[in-house]
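For reference, upload.txt is printed below; it contains compact mmCIF, C-alpha atoms.
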# COMPACT_ATOMS: atom_id res chain seq x y z
CA MET A 291 0.80 21.73 12.52
CA PHE A 292 1.96 18.33 13.79
CA LYS A 293 -0.19 16.51 11.22
CA GLN A 294 1.32 18.53 8.37
CA LYS A 295 4.87 17.81 9.51
CA LEU A 296 4.11 14.11 9.92
CA GLN A 297 2.48 13.99 6.49
CA SER A 298 5.41 15.77 4.87
CA ILE A 299 7.98 13.48 6.46
CA PHE A 300 6.07 10.35 5.42
CA LEU A 301 5.49 11.55 1.85
CA ILE A 302 9.14 12.48 1.44
CA THR A 303 10.12 9.05 2.74
CA LEU A 304 7.81 7.32 0.26
CA VAL A 305 9.03 9.40 -2.66
CA CYS A 306 12.67 8.75 -1.76
CA LEU A 307 12.04 5.03 -1.27
CA SER A 308 10.97 4.34 -4.86
CA PRO A 309 14.25 5.31 -6.60
CA LEU A 310 16.27 3.43 -4.00
CA CYS A 311 14.24 0.31 -4.67
CA ALA A 312 14.66 0.79 -8.41
CA LYS A 313 18.44 0.50 -8.02
CA LYS A 314 18.30 -2.63 -5.87
CA HIS A 315 15.32 -4.43 -7.35
CA SER A 316 13.60 -5.15 -10.61
CA ARG A 317 10.86 -3.07 -12.21
CA GLU A 318 8.39 -5.60 -10.87
CA LYS A 319 9.39 -4.88 -7.26
CA VAL A 320 9.24 -1.14 -7.83
CA GLY A 321 5.77 -1.54 -9.37
CA GLN A 322 4.65 -3.56 -6.36
CA ILE A 323 5.87 -0.85 -4.00
CA ILE A 324 4.25 1.94 -6.01
CA GLN A 325 0.89 0.13 -6.19
CA ILE A 326 0.73 0.34 -2.40
CA THR A 327 2.29 3.80 -2.19
CA ILE A 328 -0.48 5.42 -4.25
CA PRO A 329 -3.44 4.58 -1.97
CA VAL A 330 -1.30 5.14 1.15
CA THR A 331 -0.42 8.58 -0.20
CA GLY A 332 -4.14 9.24 -0.76
CA LEU A 333 -4.82 8.23 2.83
CA LEU A 334 -2.06 10.49 4.15
CA ILE A 335 -3.25 13.44 2.11
CA ALA A 336 -6.81 12.94 3.38
CA PHE A 337 -5.45 12.65 6.93
CA GLY A 338 -3.34 15.78 6.51
CA LYS A 339 -6.34 17.71 5.21
CA ASP A 340 -8.43 16.37 8.12
CA ASP A 341 -10.75 14.87 5.47
CA THR A 342 -12.56 12.04 7.24
CA GLU A 343 -15.08 11.70 4.41
CA GLY A 344 -12.20 11.37 1.93
CA MET A 345 -10.66 8.58 4.01
CA LYS A 346 -13.98 6.72 3.94
CA GLN A 347 -14.31 7.19 0.19
CA LEU A 348 -10.78 5.88 -0.38
CA PHE A 349 -11.58 2.82 1.71
CA TYR A 350 -14.78 2.16 -0.26
CA SER A 351 -12.97 2.63 -3.56
CA VAL A 352 -10.15 0.25 -2.67
CA ALA A 353 -12.53 -2.32 -1.17
CA ALA A 354 -14.81 -2.29 -4.23
CA SER A 355 -11.86 -2.51 -6.60
CA THR A 356 -10.35 -5.43 -4.69
CA ALA A 357 -13.67 -7.28 -4.47
CA ALA A 358 -14.42 -6.85 -8.18
CA THR A 359 -10.89 -7.86 -9.15
CA TRP A 360 -10.96 -11.05 -7.10
CA ALA A 361 -14.47 -11.92 -8.21
CA LEU A 362 -13.25 -11.81 -11.82
CA LYS A 363 -10.01 -13.65 -11.03
CA LEU A 364 -11.92 -16.52 -9.43
CA THR A 365 -14.53 -16.59 -12.20
CA VAL A 366 -12.30 -16.29 -15.27
CA ARG A 367 -9.34 -18.32 -13.92
CA LYS A 368 -6.98 -17.22 -16.69
CA LYS A 369 -3.45 -18.60 -16.51
CA ARG A 370 -0.60 -16.17 -16.00
CA PRO A 371 1.81 -15.80 -18.91
CA GLY A 372 4.56 -18.42 -18.59
CA SER A 373 2.82 -20.28 -15.75
CA SER A 374 0.92 -23.51 -16.00
CA LYS A 375 -0.32 -23.51 -12.38
CA ASN A 376 -1.37 -19.99 -11.39
CA ARG A 377 -4.86 -19.21 -12.68
CA HIS A 378 -5.27 -15.70 -11.28
CA SER A 379 -4.03 -13.48 -14.07
CA PHE A 380 -7.17 -11.66 -15.19
CA PRO A 381 -7.51 -8.84 -14.16
CA SER A 382 -4.32 -7.40 -12.65
CA GLY A 383 -4.87 -6.77 -8.95
CA ASP A 384 -1.76 -4.61 -8.60
CA THR A 385 -2.95 -2.34 -11.41
CA SER A 386 -6.48 -2.27 -10.03
CA LEU A 387 -5.26 -1.12 -6.62
CA ALA A 388 -2.94 1.50 -8.10
CA PHE A 389 -5.65 2.99 -10.33
CA SER A 390 -8.15 2.93 -7.48
CA GLY A 391 -5.85 5.14 -5.41
CA ALA A 392 -4.95 7.34 -8.36
CA SER A 393 -8.56 7.93 -9.40
CA PHE A 394 -9.43 8.75 -5.78
CA LEU A 395 -6.69 11.39 -5.72
CA GLY A 396 -7.87 12.92 -8.98
CA MET A 397 -11.57 12.86 -8.17
CA ARG A 398 -11.22 14.12 -4.59
CA TYR A 399 -8.40 16.66 -4.84
CA GLY A 400 -8.11 17.53 -8.52
CA VAL A 401 -5.71 17.16 -11.42
CA ALA A 402 -2.65 18.32 -9.47
CA TYR A 403 -3.00 15.21 -7.29
CA GLY A 404 -4.52 12.87 -9.87
CA ALA A 405 -2.05 13.30 -12.75
CA PRO A 406 1.03 12.09 -10.83
CA GLY A 407 -1.07 9.27 -9.39
CA LEU A 408 -2.24 8.18 -12.85
CA ALA A 409 1.32 8.30 -14.18
CA ALA A 410 2.52 6.14 -11.29
CA ALA A 411 -0.41 3.73 -11.72
CA SER A 412 0.40 3.43 -15.43
CA TYR A 413 3.96 2.50 -14.50
CA VAL A 414 2.58 -0.25 -12.23
CA GLY A 415 0.66 -1.73 -15.17
CA TYR A 416 3.70 -1.46 -17.43
CA SER A 417 5.88 -3.18 -14.81
CA ARG A 418 3.42 -6.10 -14.57
CA VAL A 419 3.58 -6.69 -18.34
CA GLN A 420 7.37 -6.31 -18.45
CA ALA A 421 7.74 -8.85 -15.62
CA LYS A 422 5.60 -11.26 -17.68
CA ARG A 423 3.12 -11.59 -14.83
CA HIS A 424 0.25 -10.22 -16.96
CA ASP A 425 -0.57 -9.35 -20.53
CA TRP A 426 -2.01 -6.02 -21.65
CA ALA A 427 -5.64 -7.19 -21.40
CA ASP A 428 -5.13 -8.07 -17.72
CA VAL A 429 -3.57 -4.69 -16.99
CA ILE A 430 -6.11 -2.64 -18.93
CA CYS A 431 -9.03 -4.39 -17.26
CA GLY A 432 -7.41 -3.90 -13.82
CA GLY A 433 -6.93 -0.21 -14.59
CA VAL A 434 -10.55 0.17 -15.68
CA ILE A 435 -11.83 -1.55 -12.52
CA GLY A 436 -9.66 0.64 -10.29
CA GLY A 437 -10.54 3.81 -12.18
CA LEU A 438 -14.26 3.05 -12.06
CA SER A 439 -14.21 2.29 -8.35
CA GLY A 440 -12.55 5.64 -7.67
CA PHE A 441 -15.04 7.39 -9.93
CA LEU A 442 -18.08 5.71 -8.35
CA PHE A 443 -17.14 6.13 -4.69
CA THR A 444 -15.36 9.49 -4.66
CA THR A 445 -16.77 13.00 -4.69
CA PRO A 446 -14.76 16.21 -5.02
CA GLN A 447 -13.72 17.71 -1.72
CA PRO A 448 -15.98 20.64 -0.88
CA GLU A 449 -14.20 23.92 -0.44
CA LYS A 450 -13.88 24.90 3.19
CA LYS A 451 -15.84 27.95 4.22
CA GLN A 452 -13.79 30.81 5.54
CA GLU A 453 -14.31 31.47 9.20
CA LYS A 454 -16.21 34.62 10.03
CA SER A 455 -14.05 37.46 11.22
CA THR A 456 -14.53 38.53 14.83
CA GLU A 457 -13.03 41.97 14.28
CA VAL A 458 -15.32 44.93 14.77
CA PRO A 459 -15.40 47.11 11.68
CA GLU A 460 -14.04 50.61 12.07
CA LEU A 461 -16.75 53.24 11.81
CA LYS A 462 -15.47 56.53 10.44
CA GLY A 463 -16.95 59.74 11.72
CA VAL A 464 -18.90 58.18 14.60
CA SER A 465 -16.68 59.73 17.27
CA GLY A 466 -17.16 63.19 15.76
CA LEU A 467 -20.95 62.93 16.04
CA ALA A 468 -20.80 62.35 19.79
CA THR A 469 -18.63 65.42 20.46
CA GLN A 470 -20.60 67.84 18.31
CA LYS A 471 -23.78 67.69 20.42
Since I need it in another form, could you write the structure as structure tokens?
Amino acid sequence: MFKQKLQSIFLITLVCLSPLCAKKHSREKVGQIIQITIPVTGLLIAFGKDDTEGMKQLFYSVAASTAATWALKLTVRKKRPGSSKNRHSFPSGDTSLAFSGASFLGMRYGVAYGAPGLAAASYVGYSRVQAKRHDWADVICGGVIGGLSGFLFTTPQPEKKQEKSTEVPELKGVSGLATQK
């Protein structure tokens, strides 16, 4: 009961935070907040469902996505749009993280969780292009890396078995047999 209340309060706080940031900050800042919010939301949902295996799978997905993204960034060394110094544009790490969390939500808990996550992750990619921090190739590759990591490391949550009932079934007519003898 306490876990569910804590989860609800935190999720409501995160959902309310995004529009407030949109009024005070640019799309880029909102995208940066959402890219973290998606995997944190996945973690909170797994925690609320007492899904230890899901928490592990989210960790593996995010870790693999981050490692693959940085391996490519350091290998390709593509310059960011409008920057002559920064050579870490390809692929987009923000988009990779967002799609990693979103694909985890969809793979583990189904479309009802995954669709909003994918929409939010898509906004993160859009915000990176609009802020001129990445081009579409960077964002698409980041999304593919994040999506693949979620797909590879996440399994659907097994349905919980219903607990066996401890009630004794009512036997009709048994009491009448004992009195007729």
Next on the checklist: Excluding range 415-432 of chain A and its own-chain neighbours fewer than 6 positions away, which residues fall within 12 Å of it when counting all atoms listed in the file? Please give them as an MDAnalysis selection string.
Outcome noted: chainID A and resid 312 316:325 355:360 362:363 366:373 376:390 408:409 438:439
| said: So, with all atoms listed in the file as the atoms that count, which of A:Ala411, A:Gln447, A:Phe441, A:Ala392 lies closest to Ala336 in chain A? | reply: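 Nearest candidate to Ala336 in chain A out of A:Ala411, A:Gln447, A:Phe441, A:Ala392: A:Gln447.
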Practice item. Would you work out the distance separating CA of Glu343 in chain A from CA of Glu449 in chain A, expressed in Å to one decimal? Key: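 Result for CA of Glu343 in chain A versus CA of Glu449 in chain A: 13.2 Å, one decimal.
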Which residue out of A:Ala354, A:Ile435, A:Lys375, A:Gly440 has the minimum interatomic distance to Gly404 in chain A when all atoms listed in the file are used?
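Ranking A:Ala354, A:Ile435, A:Lys375, A:Gly440 by distance to Gly404 in chain A, first place goes to A:Gly440.
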So which one's closest to Gly344 in chain A, A:Ile326, A:Tyr403, A:Gly433, A:Thr444? Using all atoms listed in the file, please.
->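 Going through A:Ile326, A:Tyr403, A:Gly433, A:Thr444 one by one, the smallest distance to Gly344 in chain A is for A:Thr444.
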Report, in Å to a single decimal, how far apart CA of Leu333 in chain A and CA of Met345 in chain A are.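 CA of Met345 in chain A sits 6.0 Å away from CA of Leu333 in chain A.
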Kindly give the distance, in Å, that separates CA of Pro329 in chain A and CA of Lys450 in chain A, rounded to a single decimal.
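These two atoms are separated by 23.4 Å.
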Shortest contact to Asp341 in chain A, candidates A:Leu364, A:Pro406, A:Tyr399, A:Thr327, atoms counted all atoms listed in the file, goes to A:Tyr399
If you count all atoms listed in the file, the residue of A:Met397, A:Ser351, A:Pro448, A:Val414 closest to Gly436 in chain A turns out to be A:Ser351
